[in-house]
>>> print(open('work.cif').read())   # mmCIF, C-alpha atoms
data_final
loop_
_atom_site.group_PDB
_atom_site.id
_atom_site.type_symbol
_atom_site.label_atom_id
_atom_site.label_comp_id
_atom_site.auth_asym_id
_atom_site.auth_seq_id
_atom_site.Cartn_x
_atom_site.Cartn_y
_atom_site.Cartn_z
ATOM 1 C CA MET K 277 0.000 0.000 0.000
ATOM 2 C CA THR K 278 2.566 2.568 -1.091
ATOM 3 C CA ASP K 279 -0.150 5.031 -2.014
ATOM 4 C CA ARG K 280 -1.168 5.661 1.590
ATOM 5 C CA HIS K 281 0.664 8.542 3.145
ATOM 6 C CA PRO K 282 0.764 8.897 6.897
ATOM 7 C CA LEU K 283 -0.536 12.191 8.281
ATOM 8 C CA PRO K 284 0.873 13.886 11.390
ATOM 9 C CA GLY K 285 -2.090 12.560 13.340
ATOM 10 C CA GLY K 286 -1.175 8.998 12.384
ATOM 11 C CA GLU K 287 -4.255 8.681 10.138
ATOM 12 C CA ALA K 288 -3.539 7.412 6.648
ATOM 13 C CA ILE K 289 -4.780 9.200 3.569
ATOM 14 C CA ARG K 290 -6.661 6.639 1.582
ATOM 15 C CA ASP K 291 -7.619 6.891 -2.012
ATOM 16 C CA ALA K 292 -10.057 5.048 -4.205
ATOM 17 C CA SER K 293 -7.758 2.011 -4.022
ATOM 18 C CA ASP K 294 -9.869 1.150 -0.974
ATOM 19 C CA LEU K 295 -12.455 0.205 -3.555
ATOM 20 C CA THR K 296 -10.242 -2.742 -4.455
ATOM 21 C CA ASP K 297 -10.266 -4.073 -0.889
ATOM 22 C CA PRO K 298 -12.739 -6.968 -1.370
ATOM 23 C CA GLN K 299 -14.240 -6.882 2.139
ATOM 24 C CA PHE K 300 -14.708 -3.125 2.165
ATOM 25 C CA LEU K 301 -16.091 -3.125 -1.338
ATOM 26 C CA GLN K 302 -18.517 -5.937 -0.572
ATOM 27 C CA ASP K 303 -19.864 -4.183 2.534
ATOM 28 C CA LEU K 304 -20.119 -0.879 0.736
ATOM 29 C CA ARG K 305 -21.844 -2.439 -2.229
ATOM 30 C CA ARG K 306 -24.394 -4.223 -0.058
ATOM 31 C CA GLN K 307 -25.236 -0.999 1.739
ATOM 32 C CA MET K 308 -25.512 0.912 -1.540
ATOM 33 C CA VAL K 309 -27.858 -1.683 -3.045
ATOM 34 C CA ARG K 310 -30.082 -1.523 0.024
ATOM 35 C CA PHE K 311 -30.122 2.248 -0.140
ATOM 36 C CA ALA K 312 -30.915 2.305 -3.870
ATOM 37 C CA THR K 313 -33.560 -0.407 -3.539
ATOM 38 C CA LEU K 314 -35.394 1.560 -0.866
ATOM 39 C CA GLN K 315 -35.303 4.526 -3.176
ATOM 40 C CA LEU K 316 -36.230 2.880 -6.455
ATOM 41 C CA SER K 317 -38.260 -0.096 -5.198
ATOM 42 C CA ASP K 318 -36.731 -2.163 -7.996
ATOM 43 C CA THR K 319 -33.757 -4.426 -7.319
ATOM 44 C CA SER K 320 -32.381 -4.626 -10.828
ATOM 45 C CA LEU K 321 -32.586 -0.860 -11.370
ATOM 46 C CA ALA K 322 -30.900 -0.485 -7.985
ATOM 47 C CA GLU K 323 -28.101 -2.906 -8.900
ATOM 48 C CA ASP K 324 -27.538 -1.005 -12.147
ATOM 49 C CA ALA K 325 -27.365 2.351 -10.382
ATOM 50 C CA VAL K 326 -24.880 0.976 -7.834
ATOM 51 C CA GLN K 327 -22.737 -0.554 -10.560
ATOM 52 C CA GLU K 328 -22.603 2.713 -12.458
ATOM 53 C CA ALA K 329 -21.807 4.667 -9.315
ATOM 54 C CA LEU K 330 -18.934 2.347 -8.400
ATOM 55 C CA ILE K 331 -17.516 2.470 -11.907
ATOM 56 C CA GLY K 332 -17.771 6.259 -11.792
ATOM 57 C CA ALA K 333 -16.005 6.269 -8.439
ATOM 58 C CA LEU K 334 -13.151 4.109 -9.703
ATOM 59 C CA LYS K 335 -12.726 6.249 -12.809
ATOM 60 C CA SER K 336 -12.215 9.456 -10.909
ATOM 61 C CA ALA K 337 -10.033 8.233 -8.071
ATOM 62 C CA ARG K 338 -9.032 10.897 -5.570
ATOM 63 C CA SER K 339 -7.557 11.049 -2.092
ATOM 64 C CA PHE K 340 -9.703 10.739 1.004
ATOM 65 C CA GLY K 341 -9.020 11.344 4.645
ATOM 66 C CA GLY K 342 -10.416 7.952 5.598
ATOM 67 C CA ARG K 343 -13.098 5.542 4.540
ATOM 68 C CA ALA K 344 -15.937 7.684 5.863
ATOM 69 C CA ALA K 345 -15.039 10.415 3.370
ATOM 70 C CA LEU K 346 -14.693 7.894 0.578
ATOM 71 C CA LYS K 347 -18.106 6.472 1.427
ATOM 72 C CA THR K 348 -19.740 9.899 1.474
ATOM 73 C CA TRP K 349 -18.311 10.572 -1.950
ATOM 74 C CA VAL K 350 -19.417 7.255 -3.445
ATOM 75 C CA PHE K 351 -22.912 7.777 -2.022
ATOM 76 C CA ALA K 352 -23.026 11.266 -3.523
ATOM 77 C CA ILE K 353 -22.391 9.670 -6.928
ATOM 78 C CA LEU K 354 -25.064 7.071 -6.220
ATOM 79 C CA LYS K 355 -27.585 9.764 -5.278
ATOM 80 C CA ASN K 356 -27.043 11.386 -8.672
ATOM 81 C CA LYS K 357 -27.583 8.073 -10.442
ATOM 82 C CA ILE K 358 -30.784 7.508 -8.485
ATOM 83 C CA MET K 359 -31.999 10.986 -9.329
ATOM 84 C CA ASP K 360 -31.401 10.265 -13.040
ATOM 85 C CA VAL K 361 -33.513 7.122 -12.827
ATOM 86 C CA LEU K 362 -36.254 8.964 -10.918
ATOM 87 C CA ARG K 363 -36.358 11.731 -13.505
ATOM 88 C CA LYS K 364 -36.714 9.235 -16.323
ATOM 89 C CA ARG K 365 -39.444 7.515 -14.413
ATOM 90 C CA GLN K 366 -41.396 10.742 -13.876
ATOM 91 C CA ARG K 367 -44.342 9.796 -16.076
ATOM 92 C CA LEU K 368 -44.771 6.416 -14.458
ATOM 93 C CA MET K 369 -45.088 7.972 -11.037
ATOM 94 C CA GLU K 370 -47.847 10.346 -12.057
ATOM 95 C CA VAL K 371 -50.198 7.402 -12.339
ATOM 96 C CA GLY K 372 -51.943 6.982 -9.023
ATOM 97 C CA GLY K 373 -49.675 9.592 -7.514
ATOM 98 C CA LEU K 374 -52.136 11.500 -5.380
ATOM 99 C CA PRO K 375 -52.641 10.481 -1.778
ATOM 100 C CA ASN K 376 -55.738 8.483 -1.114
ATOM 101 C CA GLN K 377 -58.200 10.458 0.999
ATOM 102 C CA ASN K 378 -59.571 7.416 2.835
ATOM 103 C CA GLU K 379 -56.135 6.158 3.705
ATOM 104 C CA GLU K 380 -55.263 9.571 5.055
ATOM 105 C CA ASP K 381 -58.363 9.826 7.208
ATOM 106 C CA HIS K 382 -57.545 6.399 8.547
ATOM 107 C CA ASP K 383 -53.965 7.467 9.372
ATOM 108 C CA PHE K 384 -55.090 10.543 11.222
ATOM 109 C CA GLY K 385 -57.999 8.820 12.918
ATOM 110 C CA GLU K 386 -55.560 6.436 14.564
ATOM 111 C CA LEU K 387 -53.336 9.206 15.863
ATOM 112 C CA PHE K 388 -55.747 12.007 16.689
ATOM 113 C CA ASN K 389 -59.186 12.184 18.282
ATOM 114 C CA ALA K 390 -62.203 13.797 16.643
ATOM 115 C CA LYS K 391 -61.037 17.257 17.696
ATOM 116 C CA GLY K 392 -57.589 16.660 16.203
ATOM 117 C CA PHE K 393 -55.699 16.243 19.488
ATOM 118 C CA TRP K 394 -53.369 13.323 20.197
ATOM 119 C CA GLN K 395 -55.012 10.084 21.236
ATOM 120 C CA GLU K 396 -53.833 9.279 24.742
ATOM 121 C CA ASP K 397 -51.482 6.446 23.728
ATOM 122 C CA GLU K 398 -50.228 8.162 20.566
ATOM 123 C CA ARG K 399 -48.801 11.294 22.151
ATOM 124 C CA PRO K 400 -45.081 11.559 21.296
ATOM 125 C CA THR K 401 -42.763 10.951 24.245
ATOM 126 C CA ALA K 402 -39.264 12.347 24.769
ATOM 127 C CA TRP K 403 -36.578 10.322 22.950
ATOM 128 C CA GLY K 404 -33.717 9.221 25.161
ATOM 129 C CA ASP K 405 -30.449 9.676 23.336
ATOM 130 C CA PRO K 406 -30.801 9.941 19.547
ATOM 131 C CA GLU K 407 -27.084 10.649 19.167
ATOM 132 C CA ALA K 408 -26.217 7.291 20.720
ATOM 133 C CA ALA K 409 -28.636 5.540 18.381
ATOM 134 C CA VAL K 410 -26.799 6.564 15.229
ATOM 135 C CA HIS K 411 -23.706 4.757 16.490
ATOM 136 C CA ASP K 412 -25.639 1.574 17.099
ATOM 137 C CA GLN K 413 -25.838 -0.850 14.184
ATOM 138 C CA HIS K 414 -29.050 -2.382 15.518
ATOM 139 C CA PHE K 415 -30.688 1.016 15.340
ATOM 140 C CA TRP K 416 -30.082 1.242 11.596
ATOM 141 C CA ARG K 417 -31.857 -2.080 11.029
ATOM 142 C CA VAL K 418 -34.868 -0.746 12.940
ATOM 143 C CA PHE K 419 -34.667 2.454 10.953
ATOM 144 C CA GLU K 420 -34.658 0.564 7.644
ATOM 145 C CA ALA K 421 -37.582 -1.573 8.692
ATOM 146 C CA CYS K 422 -39.529 1.583 9.577
ATOM 147 C CA LEU K 423 -38.676 3.150 6.215
ATOM 148 C CA GLU K 424 -39.848 0.057 4.398
ATOM 149 C CA HIS K 425 -43.174 0.338 6.198
ATOM 150 C CA LEU K 426 -43.942 3.723 4.661
ATOM 151 C CA PRO K 427 -46.571 3.368 1.913
ATOM 152 C CA GLY K 428 -45.070 3.579 -1.617
ATOM 153 C CA GLN K 429 -45.481 7.170 -2.717
ATOM 154 C CA GLN K 430 -45.059 8.513 0.830
ATOM 155 C CA GLY K 431 -41.797 6.646 1.224
ATOM 156 C CA ARG K 432 -40.504 7.778 -2.150
ATOM 157 C CA VAL K 433 -41.103 11.495 -1.644
ATOM 158 C CA PHE K 434 -39.741 11.290 1.896
ATOM 159 C CA MET K 435 -36.549 9.730 0.609
ATOM 160 C CA MET K 436 -36.228 12.192 -2.251
ATOM 161 C CA ARG K 437 -36.451 14.952 0.319
ATOM 162 C CA GLU K 438 -34.334 13.553 3.124
ATOM 163 C CA PHE K 439 -31.820 11.210 1.483
ATOM 164 C CA ILE K 440 -31.246 12.711 -1.904
ATOM 165 C CA GLU K 441 -31.953 16.142 -0.444
ATOM 166 C CA MET K 442 -33.930 17.334 -3.449
ATOM 167 C CA GLU K 443 -35.761 20.667 -3.097
ATOM 168 C CA THR K 444 -39.549 21.044 -3.226
ATOM 169 C CA PRO K 445 -39.934 22.150 -6.884
ATOM 170 C CA GLU K 446 -37.830 19.274 -8.138
ATOM 171 C CA ILE K 447 -39.681 16.656 -6.088
ATOM 172 C CA CYS K 448 -43.033 18.017 -7.286
ATOM 173 C CA LYS K 449 -41.849 17.785 -10.886
ATOM 174 C CA THR K 450 -40.393 14.311 -10.499
ATOM 175 C CA ALA K 451 -43.299 12.862 -8.542
ATOM 176 C CA GLY K 452 -45.950 14.814 -10.461
ATOM 177 C CA VAL K 453 -47.646 16.260 -7.360
ATOM 178 C CA SER K 454 -48.550 19.757 -6.157
ATOM 179 C CA VAL K 455 -46.671 21.475 -3.333
ATOM 180 C CA THR K 456 -49.676 20.988 -1.044
ATOM 181 C CA ASN K 457 -49.839 17.302 -1.854
ATOM 182 C CA LEU K 458 -46.146 16.933 -1.239
ATOM 183 C CA ASN K 459 -46.432 18.593 2.156
ATOM 184 C CA VAL K 460 -49.377 16.394 3.059
ATOM 185 C CA MET K 461 -47.371 13.303 2.167
ATOM 186 C CA LEU K 462 -44.275 14.457 4.033
ATOM 187 C CA HIS K 463 -46.383 15.205 7.111
ATOM 188 C CA ARG K 464 -47.863 11.707 7.016
ATOM 189 C CA ALA K 465 -44.513 10.057 6.350
ATOM 190 C CA ARG K 466 -42.951 11.874 9.304
ATOM 191 C CA LEU K 467 -45.844 10.971 11.607
ATOM 192 C CA ARG K 468 -45.505 7.323 10.657
ATOM 193 C CA LEU K 469 -41.748 7.149 10.813
ATOM 194 C CA ARG K 470 -41.676 8.953 14.137
ATOM 195 C CA LYS K 471 -44.209 6.573 15.607
ATOM 196 C CA CYS K 472 -42.406 3.508 14.283
ATOM 197 C CA LEU K 473 -39.031 4.650 15.652
ATOM 198 C CA GLU K 474 -40.561 5.518 19.007
ATOM 199 C CA ASN K 475 -42.349 2.169 19.315
ATOM 200 C CA SER K 476 -39.451 0.043 18.126
ATOM 201 C CA TRP K 477 -36.494 1.915 19.545
ATOM 202 C CA PHE K 478 -36.894 5.058 21.595
ATOM 203 C CA SER K 479 -39.810 4.015 23.737
ATOM 204 C CA PRO K 480 -38.575 3.865 27.378
ATOM 205 C CA GLY K 481 -37.536 0.460 28.626
ATOM 206 C CA GLU K 482 -37.803 -1.211 25.254
ATOM 207 C CA SER K 483 -34.322 -0.824 23.800
ATOM 208 C CA PRO K 484 -32.544 -4.126 23.274
ATOM 209 C CA CYS K 485 -29.611 -3.315 25.545
ATOM 210 C CA MET E 240 -56.375 27.637 18.705
ATOM 211 C CA LEU E 241 -54.479 24.956 16.760
ATOM 212 C CA ASN E 242 -55.142 21.296 17.335
ATOM 213 C CA CYS E 243 -52.326 18.713 17.308
ATOM 214 C CA GLN E 244 -53.046 17.505 13.800
ATOM 215 C CA ARG E 245 -52.680 21.031 12.459
ATOM 216 C CA ALA E 246 -49.707 21.807 14.720
ATOM 217 C CA THR E 247 -47.761 18.742 13.552
ATOM 218 C CA ARG E 248 -48.511 19.687 9.953
ATOM 219 C CA LEU E 249 -46.981 23.128 10.537
ATOM 220 C CA LEU E 250 -44.007 21.561 12.309
ATOM 221 C CA SER E 251 -43.520 19.298 9.295
ATOM 222 C CA ASP E 252 -43.960 22.230 6.882
ATOM 223 C CA ALA E 253 -41.362 24.163 8.875
ATOM 224 C CA GLN E 254 -38.803 21.678 7.524
ATOM 225 C CA GLU E 255 -39.745 22.794 4.004
ATOM 226 C CA ARG E 256 -40.433 26.530 4.187
ATOM 227 C CA ASN E 257 -40.315 29.524 6.491
ATOM 228 C CA LEU E 258 -43.537 29.747 8.458
ATOM 229 C CA THR E 259 -45.419 33.041 8.523
ATOM 230 C CA PHE E 260 -45.442 35.184 11.644
ATOM 231 C CA THR E 261 -49.012 34.154 12.469
ATOM 232 C CA GLU E 262 -48.215 30.484 11.999
ATOM 233 C CA ARG E 263 -45.232 30.765 14.330
ATOM 234 C CA MET E 264 -47.301 32.547 16.975
ATOM 235 C CA ASN E 265 -50.081 29.979 16.786
ATOM 236 C CA LEU E 266 -47.584 27.153 17.009
ATOM 237 C CA GLN E 267 -45.850 28.655 19.995
ATOM 238 C CA MET E 268 -49.117 29.053 21.843
ATOM 239 C CA HIS E 269 -49.881 25.432 21.152
ATOM 240 C CA THR E 270 -46.521 23.887 22.020
ATOM 241 C CA VAL E 271 -46.295 25.783 25.306
ATOM 242 C CA MET E 272 -49.253 23.754 26.471
ATOM 243 C CA CYS E 273 -48.751 20.489 24.563
ATOM 244 C CA SER E 274 -45.850 18.225 25.539
ATOM 245 C CA GLY E 275 -46.666 15.774 22.734
ATOM 246 C CA CYS E 276 -46.193 18.424 20.064
ATOM 247 C CA ARG E 277 -43.084 19.767 21.823
ATOM 248 C CA ASN E 278 -41.604 16.285 21.572
ATOM 249 C CA PHE E 279 -42.759 16.062 17.958
ATOM 250 C CA GLU E 280 -41.012 19.344 17.199
ATOM 251 C CA ARG E 281 -37.702 18.085 18.568
ATOM 252 C CA GLN E 282 -38.134 14.769 16.767
ATOM 253 C CA MET E 283 -38.549 16.493 13.401
ATOM 254 C CA GLN E 284 -35.004 17.788 13.664
ATOM 255 C CA THR E 285 -33.715 14.454 14.941
ATOM 256 C CA LEU E 286 -35.451 12.647 12.091
ATOM 257 C CA ARG E 287 -33.758 14.813 9.509
ATOM 258 C CA ARG E 288 -30.345 14.385 11.135
ATOM 259 C CA ILE E 289 -30.776 10.637 11.429
ATOM 260 C CA THR E 290 -31.994 10.209 7.867
ATOM 261 C CA ARG E 291 -29.130 12.214 6.449
ATOM 262 C CA ALA E 292 -26.662 10.218 8.533
ATOM 263 C CA TYR E 293 -28.084 6.979 7.173
ATOM 264 C CA ALA E 294 -26.001 6.893 3.991
ATOM 265 C CA LYS E 295 -22.883 7.361 6.098
ATOM 266 C CA SER E 296 -23.810 4.723 8.632
ATOM 267 C CA ASP E 297 -22.010 1.431 9.069
ATOM 268 C CA ILE E 298 -25.012 -0.880 9.135
ATOM 269 C CA ALA E 299 -23.538 -3.337 6.663
ATOM 270 C CA GLN E 300 -20.236 -3.868 8.413
ATOM 271 C CA ASP E 301 -21.002 -6.663 10.829
ATOM 272 C CA GLU E 302 -22.920 -8.858 8.410
#
>>> encode(input="work.cif", output="structure tokens")
Amino acid sequence: MTDRHPLPGGEAIRDASDLTDPQFLQDLRRQMVRFATLQLSDTSLAEDAVQEALIGALKSARSFGGRAALKTWVFAILKNKIMDVLRKRQRLMEVGGLPNQNEEDHDFGELFNAKGFWQEDERPTAWGDPEAAVHDQHFWRVFEACLEHLPGQQGRVFMMREFIEMETPEICKTAGVSVTNLNVMLHRARLRLRKCLENSWFSPGESPC
Amino acid sequence: MLNCQRATRLLSDAQERNLTFTERMNLQMHTVMCSGCRNFERQMQTLRRITRAYAKSDIAQDE
């Protein structure tokens, strides 16, 4: 590994040659495929996007101050690939894109009483230590499971907003919805995700360790 | 007076746009009295942080 130069702090500068470390590459690839599959809800499209992103990453090798930086960069490339696929898919998503009124009433009816105040057992509680959770690998499995539970269109716009960090006008264009509809869907997605995380992770006395 | 359904909608919208003065006032009056919506408000920021950290997480490494 002659291409790794020690820094004063003892940390090695890595470059894209890390992408030839089989174990690292395998782990990274698996995580990317999962990420892209959540986003595209299509495994083969996801595999393609990941493949293209990795090839792109290898082509433009640069130096990184550690694997975390390398990973961030590779995921940035992947996000662009995903956005390309989503843009192409635009027309497909317009079909059946609008939120279903009945489903929405049902959602809200579960959470709020007739006057629109929290049902007794649905009121959000304080979350213990969210910062500790992000360092816990079990937490991320719970998080993924909760994401997968979001209904199709809700999950997609939430991920466009929060993972790919697209802005409102672009999401509306890509998903073929109005700003109001988008905000309705994001509200519902956040209510659901919040509840799922609270029930499966943050709820007092229920964490696995 | 806002109810919780409306308050959580505004707290979600606040992640997308600047709320108007009136909206902020109404929200404040509500959250002062409602611990559930205060928790919700904090969780909206946590949710965004967590979701953005997801791509950088190490979930795959012990499999």
>>> resolve_selection(input="work.cif", expression="the PyMOL selection byres ((chain K) within 6 of (chain E))", output="count of residues only")
10
>>> atom_distance(input="work.cif", atom1="CA of Thr259 in chain E", atom2="CA of Arg432 in chain K")
27.9 Å
>>> atom_distance(input="work.cif", atom1="CA of Ala333 in chain K", atom2="CA of Thr296 in chain K")
11.4 Å
>>> atom_distance(input="work.cif", atom1="CA of Glu424 in chain K", atom2="CA of Phe300 in chain K")
25.4 Å
>>> residues_around(input="work.cif", residues="range 314-331 of chain K", least_positions_apart="4", cutoff="9 Å", atoms="all atoms listed in the file", output="list in words")
Leu295, Arg305, Met308, Val309, Arg310, Lys335, Ser336, Val350, Phe351, Ala352, Ile353, Leu354, Lys355, Asn356, Lys357, Ile358, Val361, Leu362, Glu420, Leu423, Glu424, Gly428, Gly431, Arg432, Met435, Met436 and Phe439 of chain K
